[in-house]
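Text of protein_6.json, listed as JSON, C-alpha atoms and all ligand atoms:
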[["chain", "number", "residue", "atom", "x", "y", "z"],
["X", 30, "MET", "CA", -75.44, -17.15, 9.25],
["X", 31, "LEU", "CA", -74.91, -13.58, 8.09],
["X", 32, "VAL", "CA", -75.57, -11.01, 10.80],
["X", 33, "LEU", "CA", -76.19, -7.48, 9.56],
["X", 34, "LEU", "CA", -75.74, -4.72, 12.09],
["X", 35, "ASP", "CA", -76.80, -1.14, 12.05],
["X", 36, "ARG", "CA", -74.00, 1.05, 13.47],
["X", 37, "ASP", "CA", -75.33, 3.99, 15.47],
["X", 38, "GLY", "CA", -77.43, 2.89, 18.43],
["X", 39, "VAL", "CA", -76.34, -0.75, 18.06],
["X", 40, "LEU", "CA", -72.53, -0.75, 18.27],
["X", 41, "ASN", "CA", -71.95, 2.83, 19.38],
["X", 42, "GLU", "CA", -74.02, 5.54, 21.01],
["X", 43, "ASN", "CA", -76.41, 7.30, 18.68],
["X", 44, "ARG", "CA", -75.94, 11.07, 18.35],
["X", 45, "ASP", "CA", -78.75, 13.22, 17.02],
["X", 46, "ASP", "CA", -76.10, 15.55, 15.55],
["X", 47, "TYR", "CA", -74.20, 12.64, 13.92],
["X", 48, "VAL", "CA", -70.88, 11.04, 14.84],
["X", 49, "LYS", "CA", -68.60, 13.61, 13.20],
["X", 50, "SER", "CA", -65.15, 12.52, 14.40],
["X", 51, "PRO", "CA", -63.45, 9.46, 15.92],
["X", 52, "GLY", "CA", -63.71, 11.11, 19.36],
["X", 53, "GLU", "CA", -67.51, 11.16, 19.09],
["X", 54, "LEU", "CA", -67.62, 7.41, 18.53],
["X", 55, "VAL", "CA", -68.53, 5.99, 21.92],
["X", 56, "MET", "CA", -68.98, 2.24, 22.03],
["X", 57, "LEU", "CA", -72.01, 0.80, 23.81],
["X", 58, "PRO", "CA", -71.20, -1.51, 26.73],
["X", 59, "GLY", "CA", -70.75, -5.13, 25.67],
["X", 60, "ALA", "CA", -71.23, -4.43, 21.96],
["X", 61, "ALA", "CA", -67.70, -5.32, 20.86],
["X", 62, "GLN", "CA", -67.75, -8.47, 22.97],
["X", 63, "ALA", "CA", -71.03, -9.47, 21.34],
["X", 64, "VAL", "CA", -69.44, -9.14, 17.88],
["X", 65, "ALA", "CA", -66.53, -11.27, 19.11],
["X", 66, "ARG", "CA", -69.02, -13.96, 20.10],
["X", 67, "LEU", "CA", -70.49, -13.95, 16.59],
["X", 68, "ASN", "CA", -66.97, -14.15, 15.10],
["X", 69, "GLY", "CA", -66.12, -17.04, 17.40],
["X", 70, "ALA", "CA", -69.26, -18.92, 16.38],
["X", 71, "GLY", "CA", -68.21, -18.65, 12.73],
["X", 72, "HIS", "CA", -70.89, -16.22, 11.54],
["X", 73, "HIS", "CA", -70.29, -13.44, 9.04],
["X", 74, "VAL", "CA", -70.79, -9.96, 10.47],
["X", 75, "ALA", "CA", -71.48, -6.94, 8.29],
["X", 76, "ILE", "CA", -72.43, -3.37, 9.09],
["X", 77, "CYS", "CA", -75.09, -1.64, 6.98],
["X", 78, "THR", "CA", -75.26, 2.00, 8.04],
["X", 79, "ASN", "CA", -76.95, 5.12, 6.71],
["X", 80, "GLN", "CA", -74.48, 8.01, 6.90],
["X", 81, "SER", "CA", -76.34, 10.90, 5.35],
["X", 82, "ALA", "CA", -74.04, 13.30, 7.23],
["X", 83, "VAL", "CA", -71.65, 12.75, 4.30],
["X", 84, "GLY", "CA", -74.29, 13.51, 1.67],
["X", 85, "ARG", "CA", -75.38, 16.53, 3.67],
["X", 86, "GLY", "CA", -71.81, 17.87, 3.65],
["X", 87, "ILE", "CA", -71.44, 17.64, 7.45],
["X", 88, "VAL", "CA", -68.85, 14.84, 7.43],
["X", 89, "GLN", "CA", -66.23, 14.44, 4.70],
["X", 90, "PRO", "CA", -65.73, 10.94, 3.21],
["X", 91, "ALA", "CA", -62.15, 10.78, 4.55],
["X", 92, "MET", "CA", -63.45, 11.54, 8.04],
["X", 93, "LEU", "CA", -66.01, 8.75, 7.77],
["X", 94, "GLU", "CA", -63.11, 6.42, 6.90],
["X", 95, "ARG", "CA", -61.22, 7.60, 10.01],
["X", 96, "ILE", "CA", -64.30, 7.03, 12.17],
["X", 97, "HIS", "CA", -64.57, 3.51, 10.79],
["X", 98, "GLU", "CA", -60.89, 2.81, 11.40],
["X", 99, "THR", "CA", -61.50, 3.82, 15.01],
["X", 100, "LEU", "CA", -64.55, 1.55, 15.16],
["X", 101, "ARG", "CA", -62.44, -1.36, 13.91],
["X", 102, "GLU", "CA", -59.81, -0.55, 16.56],
["X", 103, "HIS", "CA", -62.41, -0.53, 19.35],
["X", 104, "LEU", "CA", -63.67, -3.89, 18.10],
["X", 105, "ALA", "CA", -60.18, -5.35, 17.77],
["X", 106, "ARG", "CA", -59.46, -4.53, 21.41],
["X", 107, "ALA", "CA", -62.26, -6.95, 22.31],
["X", 108, "GLY", "CA", -60.99, -9.53, 19.82],
["X", 109, "ALA", "CA", -63.82, -8.66, 17.41],
["X", 110, "ARG", "CA", -63.89, -7.86, 13.72],
["X", 111, "ILE", "CA", -66.43, -6.96, 11.10],
["X", 112, "ASP", "CA", -66.17, -8.76, 7.78],
["X", 113, "LEU", "CA", -67.80, -6.04, 5.68],
["X", 114, "LEU", "CA", -68.75, -2.44, 6.28],
["X", 115, "LEU", "CA", -71.27, -0.84, 3.95],
["X", 116, "ALA", "CA", -72.25, 2.79, 4.40],
["X", 117, "CYS", "CA", -74.84, 4.67, 2.37],
["X", 118, "THR", "CA", -73.97, 8.35, 2.22],
["X", 119, "ASP", "CA", -77.08, 9.44, 0.28],
["X", 120, "PRO", "CA", -78.94, 12.41, 1.72],
["X", 121, "PRO", "CA", -82.67, 11.74, 2.21],
["X", 122, "TRP", "CA", -83.61, 14.02, -0.68],
["X", 123, "ALA", "CA", -81.54, 12.00, -3.16],
["X", 124, "ALA", "CA", -81.82, 8.53, -1.69],
["X", 125, "SER", "CA", -81.12, 5.40, -3.71],
["X", 126, "ASP", "CA", -82.47, 2.01, -2.65],
["X", 127, "ARG", "CA", -79.20, 1.49, -0.73],
["X", 128, "ARG", "CA", -80.39, 3.99, 1.85],
["X", 129, "LYS", "CA", -82.47, 2.22, 4.51],
["X", 130, "PRO", "CA", -85.46, 1.70, 4.52],
["X", 131, "GLY", "CA", -84.40, 0.55, 1.06],
["X", 132, "PRO", "CA", -83.05, -3.03, 0.97],
["X", 133, "GLY", "CA", -80.05, -2.31, -1.29],
["X", 134, "MET", "CA", -77.19, -2.46, 1.23],
["X", 135, "LEU", "CA", -78.59, -5.57, 2.87],
["X", 136, "GLN", "CA", -78.90, -7.33, -0.49],
["X", 137, "GLU", "CA", -75.36, -6.24, -1.40],
["X", 138, "ALA", "CA", -74.04, -7.87, 1.79],
["X", 139, "MET", "CA", -75.94, -11.10, 1.08],
["X", 140, "ARG", "CA", -74.52, -11.18, -2.46],
["X", 141, "GLN", "CA", -70.96, -10.70, -1.19],
["X", 142, "PHE", "CA", -71.24, -13.62, 1.21],
["X", 143, "ARG", "CA", -73.47, -15.70, -1.10],
["X", 144, "VAL", "CA", -75.96, -16.06, 1.73],
["X", 145, "GLY", "CA", -79.71, -16.15, 1.20],
["X", 146, "PRO", "CA", -82.36, -14.25, 3.14],
["X", 147, "HIS", "CA", -83.31, -17.28, 5.24],
["X", 148, "ASP", "CA", -79.79, -17.41, 6.66],
["X", 149, "THR", "CA", -79.53, -13.69, 7.36],
["X", 150, "VAL", "CA", -80.67, -11.47, 10.23],
["X", 151, "MET", "CA", -80.70, -7.70, 10.68],
["X", 152, "ILE", "CA", -80.17, -6.07, 14.09],
["X", 153, "GLY", "CA", -81.07, -2.40, 14.38],
["X", 154, "ASP", "CA", -82.47, 0.28, 16.67],
["X", 155, "ASP", "CA", -84.59, 2.19, 14.19],
["X", 156, "LEU", "CA", -87.75, 1.51, 12.23],
["X", 157, "VAL", "CA", -85.83, 1.96, 8.96],
["X", 158, "ASP", "CA", -83.63, -1.03, 9.88],
["X", 159, "LEU", "CA", -86.72, -3.18, 10.32],
["X", 160, "GLN", "CA", -88.27, -1.91, 7.09],
["X", 161, "ALA", "CA", -85.10, -2.55, 5.09],
["X", 162, "ALA", "CA", -84.89, -6.08, 6.50],
["X", 163, "MET", "CA", -88.55, -6.73, 5.73],
["X", 164, "ARG", "CA", -88.02, -5.61, 2.12],
["X", 165, "ALA", "CA", -84.95, -7.85, 1.85],
["X", 166, "GLY", "CA", -86.97, -10.75, 3.27],
["X", 167, "ILE", "CA", -84.74, -11.29, 6.28],
["X", 168, "ARG", "CA", -85.30, -11.79, 10.01],
["X", 169, "ARG", "CA", -85.59, -8.66, 12.15],
["X", 170, "ILE", "CA", -84.29, -7.85, 15.62],
["X", 171, "LEU", "CA", -84.80, -4.52, 17.40],
["X", 172, "VAL", "CA", -82.40, -3.59, 20.20],
["X", 173, "ARG", "CA", -83.54, -1.14, 22.88],
["X", 174, "THR", "CA", -80.28, 0.82, 22.84],
["X", 175, "GLY", "CA", -79.92, 4.02, 20.80],
["X", 176, "LYS", "CA", -83.32, 4.94, 19.37],
["X", 177, "GLY", "CA", -84.63, 1.46, 20.16],
["X", 178, "ARG", "CA", -86.80, 2.31, 23.16],
["X", 179, "LYS", "CA", -88.43, 5.16, 21.24],
["X", 180, "THR", "CA", -88.91, 2.91, 18.22],
["X", 181, "GLN", "CA", -90.63, 0.31, 20.39],
["X", 182, "ALA", "CA", -92.71, 2.90, 22.28],
["X", 183, "ALA", "CA", -93.94, 4.42, 19.02],
["X", 184, "GLY", "CA", -95.42, 1.04, 18.14],
["X", 185, "ILE", "CA", -93.85, -1.31, 15.61],
["X", 186, "PRO", "CA", -96.02, -1.23, 12.46],
["X", 187, "ALA", "CA", -97.80, -4.48, 11.69],
["X", 188, "GLU", "CA", -96.21, -4.75, 8.24],
["X", 189, "VAL", "CA", -92.69, -5.28, 9.66],
["X", 190, "LEU", "CA", -93.73, -7.91, 12.21],
["X", 191, "PRO", "CA", -92.55, -10.30, 13.47],
["X", 192, "VAL", "CA", -89.75, -8.44, 15.23],
["X", 193, "ALA", "CA", -87.77, -9.88, 18.14],
["X", 194, "VAL", "CA", -86.88, -7.24, 20.74],
["X", 195, "HIS", "CA", -83.82, -7.40, 22.99],
["X", 196, "ASP", "CA", -82.25, -4.98, 25.47],
["X", 197, "ASP", "CA", -78.96, -4.65, 23.61],
["X", 198, "LEU", "CA", -76.65, -6.33, 21.11],
["X", 199, "ALA", "CA", -75.28, -8.72, 23.72],
["X", 200, "ALA", "CA", -78.78, -9.98, 24.52],
["X", 201, "ALA", "CA", -79.66, -10.24, 20.82],
["X", 202, "VAL", "CA", -76.52, -12.26, 20.10],
["X", 203, "ALA", "CA", -77.12, -14.50, 23.11],
["X", 204, "SER", "CA", -80.57, -15.33, 21.75],
["X", 205, "LEU", "CA", -79.20, -15.95, 18.23],
["X", 206, "LEU", "CA", -76.53, -18.28, 19.57],
["X", 207, "GLY", "CA", -79.01, -20.00, 21.84],
["X", 208, "ALA", "CA", -77.24, -19.20, 25.09],
["F", 1, "MG", "MG", -79.27, 3.26, 14.34]]
Please express the file's structure as structure tokens.
Amino acid sequence: MLVLLDRDGVLNENRDDYVKSPGELVMLPGAAQAVARLNGAGHHVAICTNQSAVGRGIVQPAMLERIHETLREHLARAGARIDLLLACTDPPWAASDRRKPGPGMLQEAMRQFRVGPHDTVMIGDDLVDLQAAMRAGIRRILVRTGKGRKTQAAGIPAEVLPVAVHDDLAAAVASLLGA
């Protein structure tokens, strides 16, 4: 199975003013351990994250790389790794189909691992994650961390259903692994 993860609000705390430095990257409890469980079960794990802060000129590309090195270090401390990290830096006013809710990044990950939509799942905290997954034809999980509670409270639109909802990444992974 290929497990696609959103970053902010799934692995680390979401910030309304963007994660702008490694110090602002605060891991959510249990998230790294959940990735380690997926690794241990032999699943591919890829991040698909919108990072418009780069396209908006708020975060430089080299800083985004540093933030992602720090993310990999946090994961490694829990024995976890991500197999692929895709980030779309498009600003909303010049968005390609890689920017969620477009399906482009998700399809790119599936191509890289030669995995089809029926063997892929997307885990996110925002409606755009669910919409991107729906457009890519893959299974959808909403976690209630980050923006997740707000996303659920706003009402999940009928066109992206069915959506499984879990409290956090650890609970989502437990359900995927059947334990
Ligand atoms: Mg998010």
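Closest to ligand MG 1 (chain F) among X:Leu135, X:Leu156, X:Ala107, X:Leu93 is X:Leu156, based on only C-alpha atoms and all ligand atoms.
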Around ligand MG 1 (chain F), which protein and nucleic acid residues have at least one atom no more than 8 Å from it, if we count only C-alpha atoms and all ligand atoms? List them as an mmCIF file with C-alpha atoms, in the frame of the given file.
data_model
loop_
_atom_site.group_PDB
_atom_site.id
_atom_site.type_symbol
_atom_site.label_atom_id
_atom_site.label_comp_id
_atom_site.auth_asym_id
_atom_site.auth_seq_id
_atom_site.Cartn_x
_atom_site.Cartn_y
_atom_site.Cartn_z
ATOM 1 C CA ASP X 35 -76.800 -1.140 12.050
ATOM 2 C CA ARG X 36 -74.000 1.050 13.470
ATOM 3 C CA ASP X 37 -75.330 3.990 15.470
ATOM 4 C CA GLY X 38 -77.430 2.890 18.430
ATOM 5 C CA VAL X 39 -76.340 -0.750 18.060
ATOM 6 C CA ASN X 43 -76.410 7.300 18.680
ATOM 7 C CA THR X 78 -75.260 2.000 8.040
ATOM 8 C CA GLY X 153 -81.070 -2.400 14.380
ATOM 9 C CA ASP X 154 -82.470 0.280 16.670
ATOM 10 C CA ASP X 155 -84.590 2.190 14.190
ATOM 11 C CA ASP X 158 -83.630 -1.030 9.880
ATOM 12 C CA GLY X 175 -79.920 4.020 20.800
ATOM 13 C CA LYS X 176 -83.320 4.940 19.370
#
Handout entry: Gap from CA of Glu102 (chain X) to CA of Gly145 (chain X) - Å, one decimal
Key =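 Between CA of Glu102 (chain X) and CA of Gly145 (chain X) the gap works out to 29.6 Å.
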Exercise for the section: Name the residues in contact with region 117-131 of chain X at a cut-off of 9 Å, using only C-alpha atoms, excluding same-chain residues fewer than 4 positions from it; report them as a list in words. Expected result: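 Surrounding residues, per the criterion: Cys77, Thr78, Asn79, Gln80, Ser81, Ala82, Val83, Gly84, Arg85, Pro90, Leu135, Gln136, Glu137, Leu156, Val157, Asp158, Leu159, Gln160, Ala161, Ala162, Arg164 and Ala165 of chain X.
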Practice task
Record the distance separating CA of Met139 (chain X) and CA of Ser50 (chain X), expressed in Å with one decimal.
Solution key: 29.2 Å
